[in-house]
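Written out below as C-alpha cells is the structure these notes cover.
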Amino acid sequence: QNLSVTDLLSSLDISTSAPNAGAYDGQWFGNGEQIQSFNPSNGKPLATITQASDADTQRVLKAAKAASKVWRNVPAPERGRVMRLIRNAIDDKVDELGMLITLEMGKIVTEGRGEVVEFIDVADYAVGLSRSIGGTVVPSERKKHFMTEVCHPLGVIGVISAFNFPIAVFGWNFSLALITGNASIWKPSETTPLCALATTKIITRVLEAEGYPGALCGLMIGGGSVGAALVESKEVDLVSFTGSEARGKLVGAECAMRFKQSLLELGGNNAAIVLPDANQDLALRSILFAALGTAGQRCTTTRRLLVHSSIADTFIASLVKAFGSATKRMGAPEKKDTLIGPLHSKLAFEGYSNAIEQAKKEGGKILFGGEKWTEVQDELKGGNWVIPAMIRYDTFEGIEIVRKETFAPILHITTFETLEEAIEINNSVDQGLSSALYTQDMNNVFQWIGPEGSDCGRLLYDRSTSGAEIGGRFGGNKSTGSGRESGGDSWKQYCRWHTATINWSNEVGMAQGVVFE
Ligand code: UN1
C-alpha cells in the first residue's frame with residue numbers, strides 16, 4: 001500500500017519510462033499504435049503500451065494454434081500441475097495485482113484484491129477438474145459393445161474481456177481452457193491493458209519455466225480490429241466475449257456464420273425484490289453493496305429495486321440514508337476507508353448523465369444523487385466522479401430507461417403488490433443475468449426458483465445480485481447471452497465432444513433391430 005505507482009508497476013514488470021509491448025506470442029513485441037492507460041480517479045496516465053498491429057495479431061494467432069497442438073497431448077493431470085504453479089504465482093502477487101486493478105480500473109482495494117482471489121479460486125477449481133474431467137460410459141444396447149463420451153480440446157480460445165473485471169473474467173476462461181488442453185488468446189479492454197500485461201507476464205513465466213510454450217497464453221492489446229481478428233480467424237475455435245449487448249450480438253452472429261462456438265456474457269438489468277416479511281436490515285445492507293459496489297459497474301449490479309408497497313416508504317427512506325453514508329466515503333479507491341470509487345471512463349460518465357436526464361423526462365423522481373460530484377478533492381479533479389442515484393417511479397410500465405443497462409450507479413425503484421407481479425416485472429426486460437428475492441417465507445423462495453419464477457441465469461435469495469462465487473456456473477439468459485463460465489460444468493464448453501462406440505464382438509449387430517443382410 002505504501003508503494004509508489006512506479007514501484008508497484010515495476011514490481012509487476014511494467015515500465016513507466018518506455019512503451020510496453022502489447023503483444024505476446026512467446027515473445028513480447030508490438031508494432032501498432034501507442035496508447036496510454038489512465039488512472040480513472042485522477043485522469044493521470046499510468047503507462048504507455050504499443051498495441052498489436054494487424055500483422056501482429058496474425059503472429060499471435062499462429063503461435064497459439066501451434067502451442068495448442070503441443071498442449072493437447074499433455075495429460076490433463078500434468079496440465080493441472082502447471083495450473084497449480086500458475087495459481088501460486090498469481091497468489092504471490094495477489095496484493096500487487098489487486099492494487100493494479102484499483103489503479104487502472106478504479107475499484108476499491110478490497111474489491112480489486114477480491115477479483116484476483118476470484119482468479120485463484122477458479123484456478124484451484126481447475127486444478128481439481130484436471131483429475132476428474134471426462135465423459136461418461138453409456139450402456140450400449142448391443143452385446144459386446146462399449147460406448148463412451150470422449151472429450152478433447154477445442155484448440156484456441158479467444159477471450160475478449162471488459163474493463164470492469166480486468167483480470168478475473170480472463171482467469172475464469174484461461175483456467176478452464178488450460179486444463180481442458182487449449183491455448184488462449186486474450187484481447188483485454190483497451191482501457192485496462194496493464195492488468196492484462198501484468199497477468200500475462202506472471203502466467204507465461206511459469207509456462208516457460210516448465211518447458212511449455214508461452215503462446216498457450218497469447219495476448220493482443222488493441223481495439224476493435226484486434227477483436228475482429230480473433231472473431232474472424234480460422235485459428236480460433238471458441239470466442240468468450242464479455243461486453244455490451246450491441247457488440248455481443250455482432251460477435252455471436254459472426255461466430256455463428258463461421259460455425260465457431262461463442263460464450264456471451266452481455267448486459268445485466270438485475271432486479272432485487274423486497275417482500276413485506278423480509279429481514280429488512282439484511283436486505284438493506286445486501287442491496288447497498290449490490291447497487292454501489294464497483295460504483296455500479298458490475299454486470300451483476302442491482303439496477304432495479306422492487307419494494308412491496310406496504311413497506312416501501314420506510315424501506316426506501318432507510319436506503320436513502322444508507323446511500324448518504326456510503327457516499328460520504330466516496331474518494332480515491334486506493335484509500336482504505338473508501339467505499340465508492342470513480343466511474344471508469346468519460347464514456348461511463350456520459351452514460352450516467354444521459355440516463356439521469358432521460359429518467360427525469362420519463363417522470364422519475366430523484367431521491368438521491370443524480371449529479372456530478374463537485375466537492376471532489378483537488379488531486380481527484382481529473383477523475384470521472386458522479387454521485388450515485390436513486391430514482392423512484394410510480395410504475396416501471398412504459399418507462400424506457402429502466403429497460404436498458406446503464407453501466408453506472410443508478411438504482412431505479414418502484415413498488416408492487418404481489419410476488420407474481422414482482423416476478424413479472426423482474427422478467428419483463430430483455431436481459432436475464434441476475435435477480436434477488438428478500439423474504440422469510442420458504443414458499444416464496446421456491447416460487448422464485450421454480451418454473452414460473454425468475455428467468456435469470458442467477459437466482460439469489462437473501463443475497464446480493466452481485467458477488468457470485470466461482471463454484472456455480474456463471475452467465476445469463478435472453479439478451480444477456482448464452483453459455484456459462486467459471487464453475488459447474490462450464491468446462492465442457494471448452495471441449496469438442498465425441499461418442500465412441502467400440503464393437504468387441506465378431507458380429508455386425510445393428511441398433512434398433514435393423515436387419516441388413
Ligand atoms: C462481471 O461483472 O462481468 O458476481 C462479472 C460478480 C462477480 C463477477 C462479475 N463475481 O459480481
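Every chain in the C-alpha cells takes a letter, A first, then B, and so on in the order presented; its residues are numbered from 1, and the ligands are numbered from 1 following the presented order.
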Can you write out as JSON lines which residues of chain A fall within 6 Å of ligand 1, alongside each residue's closest atom pair and its distance in Å to one decimal, counting only C-alpha atoms and all ligand atoms and ordering rows by chain and ascending residue number?
{"residue": "A:Phe165", "atom": "CA", "partner": "ligand 1", "partner_atom_place_in_ligand_line": "3 (O)", "distance": 5.8}
{"residue": "A:Arg298", "atom": "CA", "partner": "ligand 1", "partner_atom_place_in_ligand_line": "2 (O)", "distance": 3.7}
{"residue": "A:Cys299", "atom": "CA", "partner": "ligand 1", "partner_atom_place_in_ligand_line": "2 (O)", "distance": 3.7}
{"residue": "A:Thr300", "atom": "CA", "partner": "ligand 1", "partner_atom_place_in_ligand_line": "11 (O)", "distance": 5.0}
{"residue": "A:Ser466", "atom": "CA", "partner": "ligand 1", "partner_atom_place_in_ligand_line": "11 (O)", "distance": 3.8}
{"residue": "A:Gly467", "atom": "CA", "partner": "ligand 1", "partner_atom_place_in_ligand_line": "11 (O)", "distance": 3.7}
{"residue": "A:Ala468", "atom": "CA", "partner": "ligand 1", "partner_atom_place_in_ligand_line": "4 (O)", "distance": 3.6}
{"residue": "A:Glu469", "atom": "CA", "partner": "ligand 1", "partner_atom_place_in_ligand_line": "10 (N)", "distance": 5.9}
Within segment 361-420 of chain A, find each residue whose DSSP state, derived from the backbone, is strand (DSSP E or B), and express the selection as a PDB file with N, CA and C atoms, in the first residue's frame.
ATOM      1  N   LYS A 365     -38.587  10.301 -10.142  1.00  0.00           N
ATOM      2  CA  LYS A 365     -38.324  11.301  -9.098  1.00  0.00           C
ATOM      3  C   LYS A 365     -36.986  10.963  -8.454  1.00  0.00           C
ATOM      4  N   ILE A 366     -36.054  11.917  -8.527  1.00  0.00           N
ATOM      5  CA  ILE A 366     -34.722  11.663  -7.969  1.00  0.00           C
ATOM      6  C   ILE A 366     -34.785  11.711  -6.447  1.00  0.00           C
ATOM      7  N   LEU A 367     -34.456  10.601  -5.803  1.00  0.00           N
ATOM      8  CA  LEU A 367     -34.474  10.565  -4.332  1.00  0.00           C
ATOM      9  C   LEU A 367     -33.089  10.825  -3.764  1.00  0.00           C
ATOM     10  N   PHE A 368     -32.079  10.537  -4.576  1.00  0.00           N
ATOM     11  CA  PHE A 368     -30.706  10.731  -4.098  1.00  0.00           C
ATOM     12  C   PHE A 368     -29.790  10.938  -5.303  1.00  0.00           C
ATOM     13  N   LYS A 372     -23.117  15.153 -11.016  1.00  0.00           N
ATOM     14  CA  LYS A 372     -21.664  15.076 -10.943  1.00  0.00           C
ATOM     15  C   LYS A 372     -21.250  15.352  -9.496  1.00  0.00           C
ATOM     16  N   VAL A 386     -19.242  10.776 -10.067  1.00  0.00           N
ATOM     17  CA  VAL A 386     -20.679  11.079 -10.011  1.00  0.00           C
ATOM     18  C   VAL A 386     -21.221  10.647  -8.653  1.00  0.00           C
ATOM     19  N   ALA A 389     -27.163   7.460  -7.855  1.00  0.00           N
ATOM     20  CA  ALA A 389     -28.548   7.954  -7.913  1.00  0.00           C
ATOM     21  C   ALA A 389     -29.557   6.900  -7.499  1.00  0.00           C
ATOM     22  N   MET A 390     -30.604   7.378  -6.810  1.00  0.00           N
ATOM     23  CA  MET A 390     -31.791   6.554  -6.564  1.00  0.00           C
ATOM     24  C   MET A 390     -32.958   7.300  -7.204  1.00  0.00           C
ATOM     25  N   ILE A 391     -33.723   6.617  -8.045  1.00  0.00           N
ATOM     26  CA  ILE A 391     -34.820   7.280  -8.765  1.00  0.00           C
ATOM     27  C   ILE A 391     -36.096   6.450  -8.596  1.00  0.00           C
ATOM     28  N   ARG A 392     -37.168   7.115  -8.168  1.00  0.00           N
ATOM     29  CA  ARG A 392     -38.415   6.375  -7.919  1.00  0.00           C
ATOM     30  C   ARG A 392     -39.453   6.674  -9.008  1.00  0.00           C
ATOM     31  N   ILE A 410     -26.909   3.747 -10.793  1.00  0.00           N
ATOM     32  CA  ILE A 410     -28.259   4.319 -10.840  1.00  0.00           C
ATOM     33  C   ILE A 410     -29.219   3.208 -10.435  1.00  0.00           C
ATOM     34  N   LEU A 411     -29.990   3.455  -9.379  1.00  0.00           N
ATOM     35  CA  LEU A 411     -30.946   2.456  -8.913  1.00  0.00           C
ATOM     36  C   LEU A 411     -32.358   2.968  -9.198  1.00  0.00           C
ATOM     37  N   HIS A 412     -33.070   2.271 -10.089  1.00  0.00           N
ATOM     38  CA  HIS A 412     -34.454   2.625 -10.411  1.00  0.00           C
ATOM     39  C   HIS A 412     -35.372   1.863  -9.457  1.00  0.00           C
ATOM     40  N   ILE A 413     -36.336   2.572  -8.879  1.00  0.00           N
ATOM     41  CA  ILE A 413     -37.147   1.957  -7.813  1.00  0.00           C
ATOM     42  C   ILE A 413     -38.643   2.074  -8.113  1.00  0.00           C
ATOM     43  N   THR A 414     -39.378   1.004  -7.863  1.00  0.00           N
ATOM     44  CA  THR A 414     -40.844   1.089  -7.907  1.00  0.00           C
ATOM     45  C   THR A 414     -41.434   0.118  -6.892  1.00  0.00           C
ATOM     46  N   THR A 415     -42.755   0.088  -6.805  1.00  0.00           N
ATOM     47  CA  THR A 415     -43.419  -0.770  -5.818  1.00  0.00           C
ATOM     48  C   THR A 415     -44.285  -1.809  -6.531  1.00  0.00           C
ATOM     49  N   PHE A 416     -44.729  -2.810  -5.752  1.00  0.00           N
ATOM     50  CA  PHE A 416     -45.603  -3.849  -6.302  1.00  0.00           C
ATOM     51  C   PHE A 416     -46.527  -4.337  -5.187  1.00  0.00           C
TER      52      PHE A 416
END
To test your reading of the structure, identify every residue in segment 35-212 of chain A that backbone DSSP assigns to alpha helix (DSSP H), and report it as JSON, numbers by chain. {"A": [54, 55, 56, 57, 58, 59, 60, 61, 62, 63, 64, 65, 66, 67, 68, 69, 70, 71, 76, 77, 78, 79, 80, 81, 82, 83, 84, 85, 86, 87, 88, 89, 90, 91, 92, 94, 95, 96, 97, 98, 99, 100, 101, 102, 103, 104, 109, 110, 111, 112, 113, 114, 115, 116, 117, 118, 119, 120, 121, 122, 123, 124, 125, 126, 127, 128, 129, 168, 169, 170, 171, 172, 173, 174, 175, 176, 177, 178, 179, 193, 194, 195, 196, 197, 198, 199, 200, 201, 202, 203, 204, 205, 206, 207, 208, 209]}
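Of the listed residues A:Thr192, A:Asn42, A:Ser37, A:Ser4, the one whose atoms come nearest to Lys381 of chain A is A:Asn42, with distances taken using only C-alpha atoms.
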Considering only C-alpha atoms, can you say which of A:Asn39, A:Ser486, A:Thr148, A:Ser310 comes closest to Asn173 of chain A?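 With only C-alpha atoms as the atom set, the closest residue is A:Ser486.
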Separation of atom CA of Gly26 of chain A from atom CA of Ile185 of chain A in Å: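 Those two atoms sit 11.7 Å apart.
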For Gly43 of chain A, find every residue with an atom within 7 Å (counting only C-alpha atoms), except residues of its own chain fewer than 3 positions away, and show them as a list of chain:residue names.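 The contact residues come out as A:Phe38, A:Asn39, A:Pro40, A:Gly382, A:Gly383.
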Write a file of the just-selected residues containing N, CA and C atoms, as a PDB file, in the first residue's frame.
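File result.pdb, as written:
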ATOM      1  N   PHE A  38      -4.865   5.121 -18.227  1.00  0.00           N
ATOM      2  CA  PHE A  38      -5.071   6.227 -17.280  1.00  0.00           C
ATOM      3  C   PHE A  38      -5.648   5.730 -15.959  1.00  0.00           C
ATOM      4  N   ASN A  39      -5.344   6.453 -14.914  1.00  0.00           N
ATOM      5  CA  ASN A  39      -5.967   6.217 -13.620  1.00  0.00           C
ATOM      6  C   ASN A  39      -7.316   6.951 -13.616  1.00  0.00           C
ATOM      7  N   PRO A  40      -8.431   6.222 -13.528  1.00  0.00           N
ATOM      8  CA  PRO A  40      -9.743   6.883 -13.663  1.00  0.00           C
ATOM      9  C   PRO A  40     -10.090   7.796 -12.497  1.00  0.00           C
ATOM     10  N   GLY A 382      -9.378  15.378 -11.954  1.00  0.00           N
ATOM     11  CA  GLY A 382      -9.372  14.836 -13.316  1.00  0.00           C
ATOM     12  C   GLY A 382     -10.132  13.530 -13.470  1.00  0.00           C
ATOM     13  N   GLY A 383     -10.770  13.058 -12.392  1.00  0.00           N
ATOM     14  CA  GLY A 383     -11.451  11.758 -12.439  1.00  0.00           C
ATOM     15  C   GLY A 383     -12.892  11.857 -12.907  1.00  0.00           C
TER      16      GLY A 383
END
With distances taken over only C-alpha atoms, which residue among A:Val70, A:Ala500, A:Ile86, A:Leu306 lies nearest Ala436 of chain A?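 For Ala436 of chain A, the nearest of the candidates is A:Leu306.
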Report as a PyMOL selection string all protein, DNA and RNA residues lying within 12 Å of Trp28 of chain A, evaluated on only C-alpha atoms, omitting residues in the same chain fewer than 2 positions from it. chain A and resi 19-26+30-31+49-52+56+59-60+197+200-201+204-205+214-215+217-221
As an exercise, work out the distance from atom CA of Val169 of chain A to atom CA of Gly112 of chain A in Å and give it to one decimal place.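 Calculated distance between atom CA of Val169 of chain A and atom CA of Gly112 of chain A is 12.8 Å.
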Between A:Trp172, A:Trp71, A:Phe396, A:Tyr438, which one has atoms that come closest to Leu460 of chain A, using only C-alpha atoms?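 Closest candidate: A:Tyr438.
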Give me the residues within 7 Å of Val122 of chain A as a list in words, counting only C-alpha atoms and dropping any in the same chain fewer than 2 places off. Glu118, Phe119, Ile120, Asp124, Tyr125, Ala126, Trp172, Ser175, Ile470 and Ser486 of chain A
Would you pick out the contacts of segment 331-348 of chain A at 9 Å or less, using only C-alpha atoms, so that residues sharing its chain but fewer than 4 positions from it are not included, and give the list as a ChimeraX atom specification? /A:1,39-42,99,102-110,163-164,191,292-297,326-327,352-353,376-377,380,383-386,406-409
Provide the atom CA of Pro193 of chain A to atom CA of Glu235 of chain A distance in Å, to one decimal place. 23.2 Å
With only C-alpha atoms as the counted atoms, please give the residues lying no more than 12 Å from segment 442-445 of chain A, apart from itself and same-chain residues fewer than 5 positions off, as an MDAnalysis selection string. chainID A and resid 273:278 418:420 422:423 436:437 450 452:454 459:462
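Restricting the calculation to only C-alpha atoms, the smallest distance between Asp91 of chain A and any of A:Leu12, A:Ile356, A:Val116, A:Ala209 is found for A:Val116.
Minimum distance to Thr6 of chain A across A:Gly135, A:Pro45, A:Gly128, A:Pro153 (counting only C-alpha atoms) occurs at A:Pro45.
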